[in-house]
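K.L.:
Can you read through this structure? Questions will come right after.
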Amino acid sequence: MSTLTDRSIPTHSQARRYGLFVCLMAALAGLLFGLDIGVISGALPFIAKHFVLSDRYQEWIVSSMMVGAAIGALGAGWLSWRLGRRNALVLAAVLFIVGSLYSGVAGSPVHLIGARLVLGLAVGMASFTAPLYLSEVAPRHVRGAMISTYQLMITVGILAAFLSNIGLSYIADWRWMLGVIAIPAVFFLAGVLALPDSPRWLLQRNRAAEARSVLQRLYGNSADVQAELDQVNEDNTRPQKGWSLLRKNSNFRRSVLLGVVLQVFQQLTGINVVMYYAPRIFELAGYATHEQQLWATVIVGLVNVLATFGAIAFVDRWGRKPILYAGCAVMACGRCSLGVLLHVGVAGLTAQMLAVAALLLFIAGFAMSAGPLVWILCSEIQPQQGRDFGIAVSTLVNWVANMAVAATFLSLLSTVGEANTFVLYAVLNVVFAAVVFFYVPETRGVSLEKLGNDLMSGKRLRDLGKGQ
Ligand code: BGC
């Protein structure tokens with residue numbers, strides 16, 4: 001590919017518009033991720049009725065997507081290196097289309113589980129590749145905001161799925177609920193086909209001329225392009241290592257373990273129990289009709305979106321740890337109140353309203369803290385030479401933990417009881433806060449290089465980034 005001539009160098013505003021387009025298209029992956037998470041709560045009651053399914057079967061229909069996502073996240077590390085980040089996103093988009101259509105026409109529960117596995121592969125690939133691609137193409141000064149925007153897209157996707165569940169519940173057709181996601185998936189495919197390859201990846205594959213041309217379109221200004229090229233070249237002198245670094249270096253093992261622990265605790269908040277089983281929870285809270293349950297679920301989705309803006313606004317002002325403490329406290333209060341209400345019995349309108357308020361409190365706590373912050377921290381704490389590997393492992397664990405929680409929720413309800421299940425999640429929220437206190441570094445305003453150097457020199461995890 002030829003380099004750009006001076007005549008074709010874009011103006012600053014053209015470059016900005018192009019950068020925005022590229023970032024938005026990649027962040028659309030978050031939207032599909034959210035749609036697929038959100039759709040199942042509305043469709044499940046209809047699917048269960050249609051196929052006359054036991055709780056176990058329902059759990060598998062929900063969690064098969066997570067099995068696929070775990071495999072997809074793991075495979076994406078390799079695929080996005082071999083094919084490039086852009087082509088890995090193209091593949092994910094194709095799988096989104098195939099999986100959505102297949103789930104819409106599935107003739108048996110087993111086929112539905114198969115279709116959700118395919119969707120899972122797509123979600124897993126997208127959830128690893130999109131943030132990585134964004135971090136590689138986004139100009140440095142907006143990189144943090146872009147990762148939060150990706151999380152925002154996830155929440156918007158969940159809300160959109162909840163809304164479409166309502167619309168489609170009037171025709172009581174779960175096939176449409178699942179199949180309709182193929183439409184945004186087609187837009188996503190068209191969008192990612194128009195994306196350039198990641199300049200960082202191109203450089204790693206020794207395709208410097210193409211990398212320069214992509215950077216030129218993204219930055220417009222030749223001086224910025226050169227600065228970025230120098231930075232990337234410097235980073236490339238420290239090649240990405242995975243297993244070998246993990247085996248040999250105990251400092252790297254600490255950051256990988258911290259990423260894993262953070263993702264496990266994000267899932268142990270029980271967020272997806274609400275996302276997947278919200279109508280069922282509202283049924284427990286006394287909302288008898290399916291319509292009431294779906295509307296209450298939409299409010300959950302809306303609070304999830306709005307509270308995420310809170311995180312975006314304050315994460316760089318207050319710092320990561322204070323927001324996580326506040327979020328854990330809010331989540332634990334919400335969970336505990338719901339547990340207590342279910343224990344005394346939710347009878348009457350006031351109690352029903354209180355139950356919804358408790359659930360919303362929990363959601364707001366999650367969306368302002370653990371939702372975006374865990375993804376941000378996981379991408380910040382890995383040292384440069386092991387970043388791809390570290391992020392792939394923590395993303396994989398996010399999905400495995402997601403699946404474990406989803407696959408056990410209905411069984412937990414029937415074995416330990418409704419009230420105790422929610423109190424148990426509240427206790428886990430408190431343990432999460434303790435983990436943050438003892439092990440999580442405050443990364444606000446600290447350069448990734450300093451965090452990486454501190455880690456590799458053996459500093460305590462919670463002290464990374466402190467001092468000179
Ligand atoms: C989590 C997902 C969750 C979503 C809810 C994400 O950060 O990883 O598991 O469904 O937030 O908004």
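All residue names refer to the structure tokens as shown: chains lettered A, B, ... in order, residues numbered from 1 in each chain, ligands numbered from 1 in order.
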Just want the residues within 8 Å of ligand 1, written as a PDB file with C-alpha atoms, in the first residue's frame, counting only C-alpha atoms and all ligand atoms.
P.N.:
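So out28.pdb came out as:
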ATOM      1  CA  GLY A  34     -25.324  -6.022  25.593  1.00  0.00           C
ATOM      2  CA  ILE A  37     -27.026 -10.423  27.419  1.00  0.00           C
ATOM      3  CA  GLY A  38     -30.300  -8.516  27.724  1.00  0.00           C
ATOM      4  CA  GLN A 151     -19.053  -0.331  28.628  1.00  0.00           C
ATOM      5  CA  LEU A 152     -21.693   2.348  27.992  1.00  0.00           C
ATOM      6  CA  ILE A 154     -22.943  -2.657  26.587  1.00  0.00           C
ATOM      7  CA  THR A 155     -25.502  -1.050  28.877  1.00  0.00           C
ATOM      8  CA  ILE A 158     -28.957  -4.353  27.362  1.00  0.00           C
ATOM      9  CA  GLN A 263     -13.271 -10.218  37.056  1.00  0.00           C
ATOM     10  CA  GLN A 266     -17.287  -8.356  39.234  1.00  0.00           C
ATOM     11  CA  GLN A 267     -19.369 -11.402  38.392  1.00  0.00           C
ATOM     12  CA  ILE A 271     -25.076  -8.457  38.240  1.00  0.00           C
ATOM     13  CA  ASN A 272     -25.999 -10.957  35.581  1.00  0.00           C
ATOM     14  CA  MET A 275     -29.681  -9.193  33.734  1.00  0.00           C
ATOM     15  CA  ASN A 304     -27.766   0.750  34.351  1.00  0.00           C
ATOM     16  CA  VAL A 305     -27.157   3.173  31.459  1.00  0.00           C
ATOM     17  CA  PHE A 366     -22.700  -1.753  39.978  1.00  0.00           C
ATOM     18  CA  ALA A 367     -22.959   0.542  36.969  1.00  0.00           C
ATOM     19  CA  ALA A 370     -17.594  -2.472  39.199  1.00  0.00           C
ATOM     20  CA  GLY A 371     -19.081  -2.446  35.673  1.00  0.00           C
ATOM     21  CA  PRO A 372     -16.724  -0.042  33.947  1.00  0.00           C
ATOM     22  CA  VAL A 374     -13.061  -3.659  36.393  1.00  0.00           C
ATOM     23  CA  TRP A 375     -12.586  -3.455  32.616  1.00  0.00           C
ATOM     24  CA  ASN A 398     -15.082 -12.918  33.236  1.00  0.00           C
ATOM     25  CA  TRP A 399     -17.065 -15.316  31.055  1.00  0.00           C
ATOM     26  CA  ASN A 402     -20.453 -15.210  34.447  1.00  0.00           C
TER      27      ASN A 402
END
K.L.:
Hey, what's within 12 Å of His111 (chain A) if we count only C-alpha atoms and toss same-chain stuff fewer than 5 positions away? As a ChimeraX atom specification, please?
P.N.:
/A:51,60-61,64,99,101-106,116-118
K.L.:
Next, write the just-selected residues to a file, as a PDB file, in the first residue's frame, keeping C-alpha atoms as the atom set.
P.N.:
ATOM      1  CA  PHE A  51     -40.505 -26.341  25.110  1.00  0.00           C
ATOM      2  CA  TRP A  60     -28.225 -24.179  30.262  1.00  0.00           C
ATOM      3  CA  ILE A  61     -29.958 -22.101  27.639  1.00  0.00           C
ATOM      4  CA  SER A  64     -24.388 -21.902  26.983  1.00  0.00           C
ATOM      5  CA  GLY A  99     -26.007 -17.146  15.825  1.00  0.00           C
ATOM      6  CA  LEU A 101     -30.669 -16.264  12.923  1.00  0.00           C
ATOM      7  CA  TYR A 102     -30.001 -19.796  14.149  1.00  0.00           C
ATOM      8  CA  SER A 103     -31.468 -19.051  17.589  1.00  0.00           C
ATOM      9  CA  GLY A 104     -34.536 -17.537  15.942  1.00  0.00           C
ATOM     10  CA  VAL A 105     -35.265 -20.734  14.009  1.00  0.00           C
ATOM     11  CA  ALA A 106     -34.032 -23.331  16.539  1.00  0.00           C
ATOM     12  CA  ARG A 116     -26.316 -19.638  21.886  1.00  0.00           C
ATOM     13  CA  LEU A 117     -22.900 -21.292  21.803  1.00  0.00           C
ATOM     14  CA  VAL A 118     -22.286 -19.668  18.394  1.00  0.00           C
TER      15      VAL A 118
END
K.L.:
Just want the 10 Å neighbourhood of Ser164 (chain A), counted on only C-alpha atoms, with same-chain residues fewer than 5 positions away dropped. Output as a list in words.
P.N.:
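In the requested format, the answer is Leu35, Gly38, Val39, Gly42, Ile158, Leu159, Ser169, Trp176, Met177, Leu178, Val180, Ile181 and Val298 of chain A.
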K.L.:
Name all residues at most 12 Å from Ala313 (chain A) (count only C-alpha atoms; drop same-chain ones fewer than 2 positions away) and give them as a PDB file with N, CA and C atoms, in the first residue's frame.
P.N.:
ATOM      1  N   GLY A 144      -8.864   6.268  27.799  1.00  0.00           N
ATOM      2  CA  GLY A 144      -9.667   5.861  28.959  1.00  0.00           C
ATOM      3  C   GLY A 144     -11.143   6.040  28.684  1.00  0.00           C
ATOM      4  N   ALA A 145     -11.491   7.174  28.114  1.00  0.00           N
ATOM      5  CA  ALA A 145     -12.901   7.449  27.831  1.00  0.00           C
ATOM      6  C   ALA A 145     -13.459   6.426  26.853  1.00  0.00           C
ATOM      7  N   SER A 148     -14.508   3.274  28.597  1.00  0.00           N
ATOM      8  CA  SER A 148     -15.780   3.473  29.297  1.00  0.00           C
ATOM      9  C   SER A 148     -16.936   3.537  28.305  1.00  0.00           C
ATOM     10  N   THR A 149     -16.680   4.109  27.131  1.00  0.00           N
ATOM     11  CA  THR A 149     -17.738   4.198  26.125  1.00  0.00           C
ATOM     12  C   THR A 149     -18.154   2.801  25.662  1.00  0.00           C
ATOM     13  N   LEU A 306     -27.783   5.039  32.903  1.00  0.00           N
ATOM     14  CA  LEU A 306     -27.572   6.362  33.501  1.00  0.00           C
ATOM     15  C   LEU A 306     -26.434   6.357  34.515  1.00  0.00           C
ATOM     16  N   ALA A 307     -26.387   5.317  35.346  1.00  0.00           N
ATOM     17  CA  ALA A 307     -25.337   5.293  36.373  1.00  0.00           C
ATOM     18  C   ALA A 307     -23.951   5.122  35.755  1.00  0.00           C
ATOM     19  N   THR A 308     -23.885   4.529  34.563  1.00  0.00           N
ATOM     20  CA  THR A 308     -22.573   4.382  33.902  1.00  0.00           C
ATOM     21  C   THR A 308     -21.997   5.761  33.566  1.00  0.00           C
ATOM     22  N   PHE A 309     -22.879   6.723  33.252  1.00  0.00           N
ATOM     23  CA  PHE A 309     -22.394   8.088  32.993  1.00  0.00           C
ATOM     24  C   PHE A 309     -21.690   8.639  34.229  1.00  0.00           C
ATOM     25  N   GLY A 310     -22.226   8.246  35.414  1.00  0.00           N
ATOM     26  CA  GLY A 310     -21.605   8.688  36.668  1.00  0.00           C
ATOM     27  C   GLY A 310     -20.152   8.239  36.720  1.00  0.00           C
ATOM     28  N   ALA A 311     -19.929   6.974  36.371  1.00  0.00           N
ATOM     29  CA  ALA A 311     -18.551   6.461  36.402  1.00  0.00           C
ATOM     30  C   ALA A 311     -17.684   7.225  35.413  1.00  0.00           C
ATOM     31  N   VAL A 315     -14.547   8.956  37.221  1.00  0.00           N
ATOM     32  CA  VAL A 315     -13.440   8.005  37.361  1.00  0.00           C
ATOM     33  C   VAL A 315     -12.063   8.685  37.327  1.00  0.00           C
ATOM     34  N   ASP A 316     -11.927   9.721  36.526  1.00  0.00           N
ATOM     35  CA  ASP A 316     -10.622  10.386  36.458  1.00  0.00           C
ATOM     36  C   ASP A 316     -10.500  11.520  37.466  1.00  0.00           C
ATOM     37  N   ARG A 317     -11.595  11.826  38.185  1.00  0.00           N
ATOM     38  CA  ARG A 317     -11.519  12.892  39.187  1.00  0.00           C
ATOM     39  C   ARG A 317     -11.340  12.302  40.582  1.00  0.00           C
ATOM     40  N   TRP A 318     -12.176  11.322  40.935  1.00  0.00           N
ATOM     41  CA  TRP A 318     -12.124  10.769  42.296  1.00  0.00           C
ATOM     42  C   TRP A 318     -11.131   9.628  42.429  1.00  0.00           C
ATOM     43  N   GLY A 319     -10.813   8.990  41.310  1.00  0.00           N
ATOM     44  CA  GLY A 319      -9.922   7.836  41.380  1.00  0.00           C
ATOM     45  C   GLY A 319     -10.727   6.549  41.387  1.00  0.00           C
ATOM     46  N   ARG A 320     -10.021   5.448  41.112  1.00  0.00           N
ATOM     47  CA  ARG A 320     -10.692   4.145  40.979  1.00  0.00           C
ATOM     48  C   ARG A 320     -11.173   3.594  42.318  1.00  0.00           C
ATOM     49  N   ILE A 323     -14.327   5.094  44.173  1.00  0.00           N
ATOM     50  CA  ILE A 323     -15.566   4.764  43.455  1.00  0.00           C
ATOM     51  C   ILE A 323     -15.940   3.300  43.693  1.00  0.00           C
ATOM     52  N   MET A 368     -22.056   2.284  38.427  1.00  0.00           N
ATOM     53  CA  MET A 368     -21.158   3.419  38.679  1.00  0.00           C
ATOM     54  C   MET A 368     -19.770   2.937  39.100  1.00  0.00           C
ATOM     55  N   SER A 369     -19.625   1.634  39.359  1.00  0.00           N
ATOM     56  CA  SER A 369     -18.326   1.189  39.871  1.00  0.00           C
ATOM     57  C   SER A 369     -17.820  -0.063  39.157  1.00  0.00           C
ATOM     58  N   PRO A 372     -17.814  -0.575  34.768  1.00  0.00           N
ATOM     59  CA  PRO A 372     -16.724  -0.042  33.947  1.00  0.00           C
ATOM     60  C   PRO A 372     -15.335  -0.211  34.577  1.00  0.00           C
TER      61      PRO A 372
END
K.L.:
What is the distance, in Å and to one decimal place, between CA of Ala426 (chain A) and CA of Ile381 (chain A)?
P.N.:
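Going from CA of Ala426 (chain A) over to CA of Ile381 (chain A), I get 26.6 Å.
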K.L.:
Choose the residue, out of A:Ala364, A:Leu20, A:Ala419, A:Leu215, that has the smallest atom-to-atom separation from Ile281 (chain A); count only C-alpha atoms.
P.N.:
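For Ile281 (chain A), the nearest of the candidates is A:Ala419.
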K.L.:
Would you return as JSON, numbers by chain the members of region 89-257 of chain A that DSSP assigns to helix (DSSP H, G or I) on this structure's backbone?
P.N.:
{"A": [89, 90, 91, 92, 93, 94, 95, 96, 97, 98, 99, 100, 101, 102, 103, 104, 105, 109, 110, 111, 112, 113, 114, 115, 116, 117, 118, 119, 120, 121, 122, 123, 124, 125, 126, 127, 128, 129, 130, 131, 132, 133, 134, 135, 136, 137, 140, 141, 142, 143, 144, 145, 146, 147, 148, 149, 150, 151, 152, 153, 154, 155, 156, 157, 158, 159, 160, 161, 162, 163, 164, 165, 166, 167, 168, 169, 174, 175, 176, 177, 178, 179, 182, 183, 184, 185, 186, 187, 188, 189, 190, 191, 192, 193, 199, 200, 201, 202, 203, 204, 208, 209, 210, 211, 212, 213, 214, 215, 216, 217, 218, 219, 222, 223, 224, 225, 226, 227, 228, 229, 230, 231, 232, 233, 234, 235, 236, 243, 244, 245, 246, 247, 248, 250, 251, 252, 253, 254, 255, 256, 257]}
K.L.:
Using only C-alpha atoms, which of A:Arg335, A:Lys248, A:His343, A:Arg217 sits nearest Val356 (chain A)?
P.N.:
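So, comparing all the options, the nearest one is A:Arg335.
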K.L.:
May I ask which of the residues A:Gln468, A:Ser135, A:Ser100, A:Asn249 is the closest one to Gln385 (chain A), counting only C-alpha atoms?
P.N.:
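That would be A:Asn249, the residue with the smallest distance to Gln385 (chain A).
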K.L.:
Would you mind reading off the distance between CA of Gly327 (chain A) and CA of Gln382 (chain A), one decimal, in Å?
P.N.:
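Atom-to-atom, CA of Gly327 (chain A) to CA of Gln382 (chain A), that is 23.5 Å.
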K.L.:
Go through A:Arg444, A:Arg86, A:Arg387, A:Arg460 one by one, measure the shortest atom-to-atom distance of each to Val22 (chain A) using only C-alpha atoms, and give the residue with the smallest value.
P.N.:
A:Arg86
K.L.:
Quick one: residues within 12 Å of Val431 (chain A), only C-alpha atoms counted, chain neighbours fewer than 6 positions away excluded, as a list of chain:residue names?
P.N.:
A:Val261, A:Leu262, A:Val264, A:Phe265, A:Gln266, A:Leu268, A:Thr269, A:Tyr325, A:Cys328, A:Ala329, A:Met331, A:Ala332, A:Leu424, A:Tyr425, A:Phe437, A:Phe438
K.L.:
Determine, counting only C-alpha atoms, which protein, DNA and RNA residues have an atom within 7 Å of an atom of Ile40 (chain A); residues of the same chain fewer than 3 positions away are not included. Present the result as a list in words.
P.N.:
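So, after excluding close chain neighbours, the residues are Ile37, Ala43, Leu44, Val62 and Tyr276 of chain A.
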K.L.:
Only C-alpha atoms, please: the residues just picked out, written as a compact mmCIF listing (two decimals), in the first residue's frame.
P.N.:
# COMPACT_ATOMS: atom_id res chain seq x y z
CA ILE A 37 -27.03 -10.42 27.42
CA ALA A 43 -37.36 -14.49 25.93
CA LEU A 44 -36.75 -17.18 28.56
CA VAL A 62 -28.80 -18.99 29.50
CA TYR A 276 -30.73 -12.75 32.88
K.L.:
Using only C-alpha atoms, which of the listed residues (A:Val405, A:Ile376, A:Val346, A:Val300) sits closest to Leu359 (chain A)?
P.N.:
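Closest candidate: A:Val300.
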K.L.:
Which residue out of A:Phe188, A:Trp201, A:Trp174, A:Phe362 has the minimum interatomic distance to Glu136 (chain A) when only C-alpha atoms are used?
P.N.:
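Under the stated criterion, the closest residue is A:Trp201.
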K.L.:
Neighbours of region 445-457 of chain A within 6 Å (only C-alpha atoms; same-chain residues fewer than 4 positions away dropped), as number ranges by chain?
P.N.:
A: 251, 383, 464-465
K.L.:
What does the distance between CA of Pro441 (chain A) and CA of Gly390 (chain A) come to in Å, to one decimal place?
P.N.:
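CA of Gly390 (chain A) lies at a distance of 16.4 Å from CA of Pro441 (chain A).
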